[in-house]
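Just my_file_15.txt here, compact mmCIF, C-alpha atoms:
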```txt
# COMPACT_ATOMS: atom_id res chain seq x y z
CA PHE D 1 -6.38 7.19 -1.43
CA THR D 2 -8.21 7.39 -4.73
CA GLY D 3 -11.53 6.51 -6.33
CA ALA D 4 -13.43 5.69 -9.50
CA SER D 5 -15.71 8.69 -8.87
CA CYS D 6 -12.77 11.07 -8.32
CA THR D 7 -12.24 13.22 -11.41
CA ASN D 8 -8.78 14.41 -10.30
CA CYS D 9 -7.49 10.94 -9.48
CA PRO D 10 -6.36 9.90 -12.99
CA ASP D 11 -3.97 12.86 -13.11
CA ALA D 12 -2.73 11.99 -9.62
CA ARG D 13 -1.97 8.46 -10.78
CA ILE D 14 0.04 9.81 -13.71
CA GLN D 15 1.95 12.04 -11.30
CA LEU D 16 2.85 9.09 -9.05
CA LYS D 17 3.84 6.95 -12.04
CA THR D 18 6.14 9.72 -13.26
CA ILE D 19 7.80 9.89 -9.85
CA ALA D 20 8.13 6.08 -9.68
CA ASP D 21 9.57 5.91 -13.20
CA ALA D 22 12.19 8.47 -12.19
CA ASN D 23 13.13 6.34 -9.16
CA PRO D 24 13.18 2.75 -10.47
CA GLY D 25 12.92 0.12 -7.75
CA LYS D 26 12.48 2.71 -5.01
CA VAL D 27 8.76 3.54 -5.08
CA ILE D 28 5.87 1.15 -4.41
CA THR D 29 2.37 2.46 -4.99
CA MET D 30 -0.82 1.11 -3.43
CA GLU D 31 -4.23 2.47 -4.36
CA LEU D 32 -6.78 2.48 -1.56
CA HIS D 33 -10.40 3.14 -2.52
CA PRO D 34 -12.12 4.45 0.61
CA ALA D 35 -15.79 3.85 1.30
CA ASP D 36 -15.27 6.62 3.88
CA HIS D 37 -15.18 9.29 1.13
CA PRO D 38 -17.90 9.78 -1.52
CA LEU D 39 -15.36 10.07 -4.35
CA GLY D 40 -13.89 6.73 -3.34
CA GLN D 41 -17.08 4.99 -4.39
CA PRO D 42 -17.69 3.08 -7.64
CA ILE D 43 -19.70 4.90 -10.31
CA LYS D 44 -23.36 4.06 -9.89
CA GLY D 45 -24.74 2.14 -12.86
CA LEU D 46 -21.38 1.91 -14.65
CA SER D 47 -18.77 0.28 -12.38
CA LYS D 48 -18.57 -3.50 -12.47
CA PHE D 49 -16.33 -3.70 -9.41
CA ASN D 50 -16.40 -2.23 -5.94
CA PHE D 51 -12.89 -1.70 -4.59
CA ASN D 52 -14.20 -0.51 -1.21
CA ILE D 53 -12.98 -3.12 1.24
CA GLN D 54 -13.11 -3.12 5.01
CA ASP D 55 -9.32 -3.30 5.19
CA VAL D 56 -9.06 0.15 3.59
CA SER D 57 -11.45 1.64 6.16
CA ASP D 58 -9.48 -0.04 8.94
CA ILE D 59 -6.20 1.43 7.68
CA PHE D 60 -7.82 4.83 7.25
CA LYS D 61 -9.11 4.87 10.83
CA THR D 62 -6.16 3.12 12.49
CA ILE D 63 -3.27 4.85 10.74
CA TYR D 64 -4.65 8.01 9.14
CA ARG D 65 -6.78 9.38 11.99
CA GLY D 66 -10.08 8.74 10.26
CA TYR D 67 -10.53 11.96 8.30
CA PHE D 68 -9.49 13.51 4.98
CA PRO D 69 -8.31 17.07 5.62
CA LEU D 70 -8.08 17.88 1.90
CA GLY D 71 -10.29 15.23 0.31
CA ILE D 72 -8.91 12.84 -2.30
CA PRO D 73 -6.62 12.18 -4.10
CA THR D 74 -4.27 12.26 -1.15
CA ALA D 75 -1.37 10.08 -0.10
CA GLY D 76 0.52 8.73 2.85
CA ILE D 77 4.21 8.73 1.98
CA ASP D 78 5.96 6.22 4.24
CA ARG D 79 3.42 7.45 6.81
CA THR D 80 5.65 10.41 7.59
CA LEU D 81 4.34 13.83 8.53
CA ASP D 82 4.23 16.95 6.37
CA GLY D 83 4.05 19.41 9.22
CA THR D 84 1.21 17.89 11.25
CA ASP D 85 -0.44 16.11 8.32
CA ILE D 86 0.02 12.37 7.71
CA LEU D 87 -2.11 12.61 4.55
CA ILE D 88 -0.17 14.72 2.09
CA LYS D 89 -1.47 16.96 -0.69
CA ARG D 90 -0.47 16.32 -4.31
CA GLY D 91 1.69 19.43 -4.59
CA SER D 92 4.09 18.02 -1.99
CA TRP D 93 4.37 14.43 -3.25
CA SER D 94 7.38 14.84 -5.51
CA ASN D 95 9.58 16.71 -3.01
CA ILE D 96 8.76 14.39 -0.11
CA ILE D 97 9.22 11.18 -2.12
CA ASN D 98 12.51 12.41 -3.57
CA ALA D 99 13.73 13.22 -0.07
CA ARG D 100 12.68 9.79 1.23
CA VAL D 101 14.37 7.76 -1.52
CA SER D 102 17.64 9.58 -0.91
CA GLN D 103 17.73 8.33 2.70
CA THR D 104 19.24 5.06 3.90
CA SER D 105 16.85 2.73 5.70
CA PRO D 106 17.93 0.91 8.89
CA VAL D 107 16.13 -2.17 7.58
CA LYS D 108 16.80 -4.52 4.68
CA LEU D 109 13.75 -6.53 3.60
CA THR D 110 13.84 -9.73 1.52
CA LEU D 111 10.80 -11.73 0.37
CA THR D 112 10.33 -15.27 -0.89
CA ASN D 113 6.92 -16.35 -2.16
CA THR D 114 5.56 -19.84 -2.79
CA TYR D 115 2.17 -20.01 -4.51
CA ASP D 116 0.08 -23.16 -5.00
CA ALA D 117 -2.39 -22.52 -7.83
CA ALA D 118 -4.33 -25.72 -7.15
CA LYS D 119 -5.05 -24.62 -3.59
CA ALA D 120 -5.28 -20.89 -4.41
CA SER D 121 -3.01 -20.19 -1.48
CA GLY D 122 0.60 -19.53 -0.69
CA ILE D 123 3.27 -18.69 1.86
CA ILE D 124 5.24 -15.48 1.94
CA LYS D 125 8.56 -15.68 3.79
CA VAL D 126 9.86 -12.41 5.20
CA ASN D 127 13.47 -11.68 6.17
CA VAL D 128 14.11 -8.43 8.04
CA SER D 129 17.77 -7.55 8.57
CA TYR D 130 18.71 -4.51 10.65
CA THR D 131 21.66 -2.49 9.36
CA LYS D 132 21.41 0.10 12.15
CA ALA D 133 20.09 -0.03 15.71
CA VAL D 134 16.35 0.63 15.99
CA SER D 135 14.69 1.27 19.37
CA SER D 136 11.07 1.64 18.25
CA LYS D 137 8.56 -1.20 18.26
CA ASN D 138 8.38 -2.64 14.75
CA TYR D 139 5.51 -4.24 12.88
CA ILE D 140 5.02 -6.06 9.60
CA SER D 141 2.04 -5.45 7.30
CA ILE D 142 1.23 -7.56 4.23
CA ALA D 143 -1.22 -6.79 1.44
CA VAL D 144 -2.05 -7.98 -2.06
CA ILE D 145 -2.49 -5.49 -4.89
CA GLU D 146 -3.80 -6.11 -8.40
CA ASP D 147 -3.08 -4.42 -11.74
CA ASN D 148 -4.92 -4.22 -15.06
CA ILE D 149 -8.47 -4.19 -13.71
CA VAL D 150 -10.64 -2.69 -16.46
CA ASP D 151 -13.60 -0.69 -15.19
CA ALA D 152 -15.25 2.73 -15.26
CA GLN D 153 -13.34 5.85 -14.14
CA GLU D 154 -14.79 9.35 -13.97
CA PHE D 155 -12.91 12.26 -15.54
CA LEU D 156 -13.78 15.97 -15.49
CA ASP D 157 -15.57 15.81 -18.84
CA HIS D 158 -16.33 12.11 -19.44
CA VAL D 159 -16.36 8.60 -18.04
CA ASP D 160 -13.89 6.06 -19.39
CA THR D 161 -15.57 2.65 -19.10
CA PHE D 162 -12.37 0.87 -20.23
CA TYR D 163 -10.01 2.45 -17.74
CA SER D 164 -7.19 0.21 -16.47
CA PHE D 165 -6.79 0.42 -12.71
CA GLN D 166 -3.35 -0.37 -11.28
CA HIS D 167 -2.01 -1.12 -7.76
CA VAL D 168 -5.48 -1.68 -6.28
CA MET D 169 -5.36 -3.03 -2.74
CA ARG D 170 -7.39 -6.22 -2.72
CA LYS D 171 -6.76 -7.49 0.79
CA LEU D 172 -4.68 -6.92 3.89
CA PHE D 173 -3.34 -10.19 5.31
CA THR D 174 -2.35 -8.68 8.65
CA PRO D 175 -4.25 -6.38 11.04
CA ALA D 176 -4.45 -2.72 10.04
CA SER D 177 -1.95 -1.92 12.80
CA GLY D 178 0.39 -4.66 11.58
CA THR D 179 1.86 -7.67 13.35
CA GLU D 180 4.57 -6.85 15.88
CA ILE D 181 7.96 -8.55 15.47
CA LEU D 182 10.83 -9.13 17.90
CA THR D 183 8.56 -8.16 20.77
CA SER D 184 11.05 -9.06 23.48
CA LEU D 185 13.71 -6.65 22.22
CA SER D 186 13.58 -2.98 23.16
CA THR D 187 16.43 -2.35 20.72
CA LYS D 188 17.06 -4.22 17.49
CA GLU D 189 20.81 -3.90 17.09
CA ALA D 190 22.65 -3.81 13.78
CA GLY D 191 22.94 -7.39 12.50
CA ARG D 192 19.71 -8.56 14.13
CA VAL D 193 17.57 -10.69 11.79
CA TYR D 194 13.88 -11.57 11.92
CA GLU D 195 12.44 -14.35 9.79
CA GLY D 196 8.76 -15.18 9.55
CA SER D 197 6.30 -17.04 7.32
CA PHE D 198 2.77 -15.89 6.60
CA LYS D 199 0.06 -17.93 4.90
CA TYR D 200 -2.43 -16.32 2.53
CA THR D 201 -5.35 -17.32 0.33
CA VAL D 202 -6.30 -15.92 -3.08
CA ASP D 203 -9.84 -14.79 -3.79
CA ALA D 204 -11.50 -16.21 -6.90
CA ALA D 205 -12.20 -12.66 -8.12
CA TRP D 206 -8.49 -11.83 -8.43
CA LYS D 207 -6.24 -12.70 -11.35
CA PRO D 208 -3.07 -14.09 -9.71
CA GLY D 209 -0.90 -13.20 -12.70
CA ASN D 210 -1.81 -9.53 -12.18
CA CYS D 211 -1.21 -9.55 -8.43
CA ARG D 212 1.73 -8.64 -6.26
CA ILE D 213 2.28 -9.04 -2.55
CA VAL D 214 3.54 -5.93 -0.75
CA VAL D 215 5.24 -6.14 2.64
CA TRP D 216 6.27 -3.19 4.77
CA VAL D 217 8.08 -2.85 8.11
CA HIS D 218 6.87 0.07 10.17
CA ASN D 219 6.35 1.73 13.52
CA ASN D 220 2.94 1.94 15.13
CA ASP D 221 3.51 4.11 18.18
CA ALA D 222 1.27 6.99 19.15
CA ASP D 223 3.77 9.48 17.74
CA SER D 224 5.09 7.50 14.75
CA LYS D 225 3.56 5.33 12.04
CA GLU D 226 6.64 5.59 9.84
CA VAL D 227 7.37 2.93 7.24
CA LEU D 228 11.02 1.90 7.54
CA GLN D 229 11.17 -0.29 4.44
CA ALA D 230 8.88 -1.92 1.88
CA GLU D 231 9.23 -4.57 -0.80
CA GLU D 232 6.98 -6.31 -3.31
CA ILE D 233 6.99 -9.65 -5.11
CA ASP D 234 4.82 -11.24 -7.78
CA LEU D 235 2.08 -13.43 -6.36
CA LYS D 236 2.40 -15.84 -9.26
CA THR D 237 5.71 -16.48 -10.97
CA PRO D 238 5.30 -15.82 -14.73
```

What is this structure when it is put down as structure tokens?
Amino acid sequence: FTGASCTNCPDARIQLKTIADANPGKVITMELHPADHPLGQPIKGLSKFNFNIQDVSDIFKTIYRGYFPLGIPTAGIDRTLDGTDILIKRGSWSNIINARVSQTSPVKLTLTNTYDAAKASGIIKVNVSYTKAVSSKNYISIAVIEDNIVDAQEFLDHVDTFYSFQHVMRKLFTPASGTEILTSLSTKEAGRVYEGSFKYTVDAAWKPGNCRIVVWVHNNDADSKEVLQAEEIDLKTP
């Protein structure tokens, strides 16, 4: 969770990029700009865009309990808990992410995307393959994120009106709680495969060449929102 009016957020983005660069192919970042926090708002009189979307508020309330214990920037890391907190402070990001990427997921996730520019729509095909038995209920969530959006960002001592925003969540194509898969199975045994296709449309305000689709498989029980695996794919093939 971040914001154009958040003076500490640029440094937080650098921190996450450093962690991602040190773990190539293992870290996917999504930036959520919350209307539910004053620092998540655009800068009055300077911002051209408003990244506050209802989907972000829905995720915040559905998954993250609807409050910011330490303000922003703050992050959910695979929606795991740091003690009792699902929103994790910056000082803990590196250790928790490094611990997560060293683990083996029980899920392998493969994506295939077909985009029709003339219709500004596409189909994302999702293949979920279980490598270990999983007894929790599993859900799929799908979002589009966009890079290279130039707009105003507040810093401690100035405002950069040509700041390049990355990983901005533009839309969630599934409910905030996700879409449940393999509903008839209490246990998904090793070797079990789920395949599904999801249609999406592209808003005229987005630049498809700067967009990626992110898919994640996760729990959504009362005691666990954990992300089991995530993958991303370009919306538009270069």

Measuring atom to atom with all atoms listed in the file, identify which of D:Ile213, D:Val107, D:Val144, D:Ile97 is nearest to D:Arg79.
->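 The closest residue to D:Arg79 is D:Ile97.
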
Looking at D:Leu70, D:Ile19, D:Val215, D:Ala222, which one is nearest to D:Asn113, with distances taken over only C-alpha atoms?
->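 Checking each of D:Leu70, D:Ile19, D:Val215, D:Ala222 against D:Asn113, counting only C-alpha atoms, the winner is D:Val215.
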
Atomic separation - atom CA of D:Tyr130 relative to atom CA of D:Tyr194, Å = 8.6 Å

Could you jot down the atom CA of D:Thr74 to atom CA of D:Arg90 separation for me, Å, one decimal place?
->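 The value is 6.4 Å.
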
For atom CA of D:Val126 and atom CA of D:Ala143, determine how far apart the two atoms are, in Å to one decimal place.
->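 One can read the atom CA of D:Val126 to atom CA of D:Ala143 distance as 13.0 Å.
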
Could you check which of D:Lys171, D:Lys207, D:Lys61, D:Lys108 is closest to D:Arg192, using all atoms listed in the file?
->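 Result for the nearest residue to D:Arg192: D:Lys108.
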
Please provide the set of residues having any atom within 7 Å of D:Ala4, restricted to all atoms listed in the file, with same-chain residues fewer than 3 positions apart removed, written as a list in words.
->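 Result of the neighbour search: Gly40, Gln41, Pro42, Ile43, Ala152, Gln153 and Glu154 of chain D.
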
From the list D:Lys236, D:His167, D:Lys132, D:Lys125, which residue is nearest D:Ser197 when using only C-alpha atoms?
-> D:Lys125

Contacts of D:Val150 at 10 Å (only C-alpha atoms; same-chain gap of 4+ positions) as a list in words |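 Using only C-alpha atoms, the neighbours found are Ser47, Lys48, Phe49, Asp160, Thr161, Phe162, Tyr163, Ser164, Phe165 and Gln166 of chain D.
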
Residue nearest D:Thr237 - candidates D:Tyr139, D:Phe51, D:Tyr67, D:Tyr115, atoms counted: only C-alpha atoms |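 Closest residue, counting only C-alpha atoms: D:Tyr115.
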
What would stretch 105-121 of chain D look like with N, CA, C and O atoms in place, written as a compact mmCIF listing (two decimals), keeping the file's coordinate frame?
```txt
# COMPACT_ATOMS: atom_id res chain seq x y z
N SER D 105 17.71 3.37 4.71
CA SER D 105 16.85 2.73 5.70
C SER D 105 17.68 1.89 6.67
O SER D 105 18.70 1.31 6.28
N PRO D 106 17.25 1.79 7.93
CA PRO D 106 17.93 0.91 8.89
C PRO D 106 17.52 -0.55 8.74
O PRO D 106 17.97 -1.39 9.51
N VAL D 107 16.69 -0.83 7.75
CA VAL D 107 16.13 -2.17 7.58
C VAL D 107 16.31 -2.64 6.14
O VAL D 107 16.04 -1.89 5.19
N LYS D 108 16.78 -3.87 5.98
CA LYS D 108 16.80 -4.52 4.68
C LYS D 108 15.72 -5.60 4.69
O LYS D 108 15.62 -6.38 5.64
N LEU D 109 14.91 -5.64 3.65
CA LEU D 109 13.75 -6.53 3.60
C LEU D 109 13.86 -7.43 2.38
O LEU D 109 14.02 -6.96 1.25
N THR D 110 13.77 -8.75 2.61
CA THR D 110 13.84 -9.73 1.52
C THR D 110 12.63 -10.65 1.59
O THR D 110 12.27 -11.12 2.68
N LEU D 111 12.01 -10.92 0.43
CA LEU D 111 10.80 -11.73 0.37
C LEU D 111 11.03 -12.97 -0.49
O LEU D 111 11.71 -12.92 -1.52
N THR D 112 10.40 -14.06 -0.08
CA THR D 112 10.33 -15.27 -0.89
C THR D 112 8.88 -15.74 -0.88
O THR D 112 8.26 -15.86 0.18
N ASN D 113 8.32 -15.98 -2.07
CA ASN D 113 6.92 -16.35 -2.16
C ASN D 113 6.76 -17.72 -2.82
O ASN D 113 7.39 -18.01 -3.83
N THR D 114 5.91 -18.54 -2.22
CA THR D 114 5.56 -19.84 -2.79
C THR D 114 4.05 -19.89 -2.97
O THR D 114 3.31 -19.79 -1.99
N TYR D 115 3.60 -20.03 -4.21
CA TYR D 115 2.17 -20.01 -4.51
C TYR D 115 1.73 -21.35 -5.08
O TYR D 115 2.36 -21.88 -6.00
N ASP D 116 0.65 -21.90 -4.54
CA ASP D 116 0.08 -23.16 -5.00
C ASP D 116 -1.23 -22.85 -5.71
O ASP D 116 -2.26 -22.58 -5.07
N ALA D 117 -1.21 -22.88 -7.05
CA ALA D 117 -2.39 -22.52 -7.83
C ALA D 117 -3.56 -23.47 -7.56
O ALA D 117 -4.72 -23.04 -7.55
N ALA D 118 -3.26 -24.74 -7.36
CA ALA D 118 -4.33 -25.72 -7.15
C ALA D 118 -5.10 -25.44 -5.87
O ALA D 118 -6.31 -25.67 -5.80
N LYS D 119 -4.41 -24.92 -4.87
CA LYS D 119 -5.05 -24.62 -3.59
C LYS D 119 -5.41 -23.14 -3.45
O LYS D 119 -6.02 -22.75 -2.44
N ALA D 120 -5.04 -22.34 -4.44
CA ALA D 120 -5.28 -20.89 -4.41
C ALA D 120 -4.79 -20.29 -3.09
O ALA D 120 -5.46 -19.49 -2.45
N SER D 121 -3.58 -20.68 -2.72
CA SER D 121 -3.01 -20.19 -1.48
C SER D 121 -1.49 -20.19 -1.60
O SER D 121 -0.92 -20.74 -2.55
```
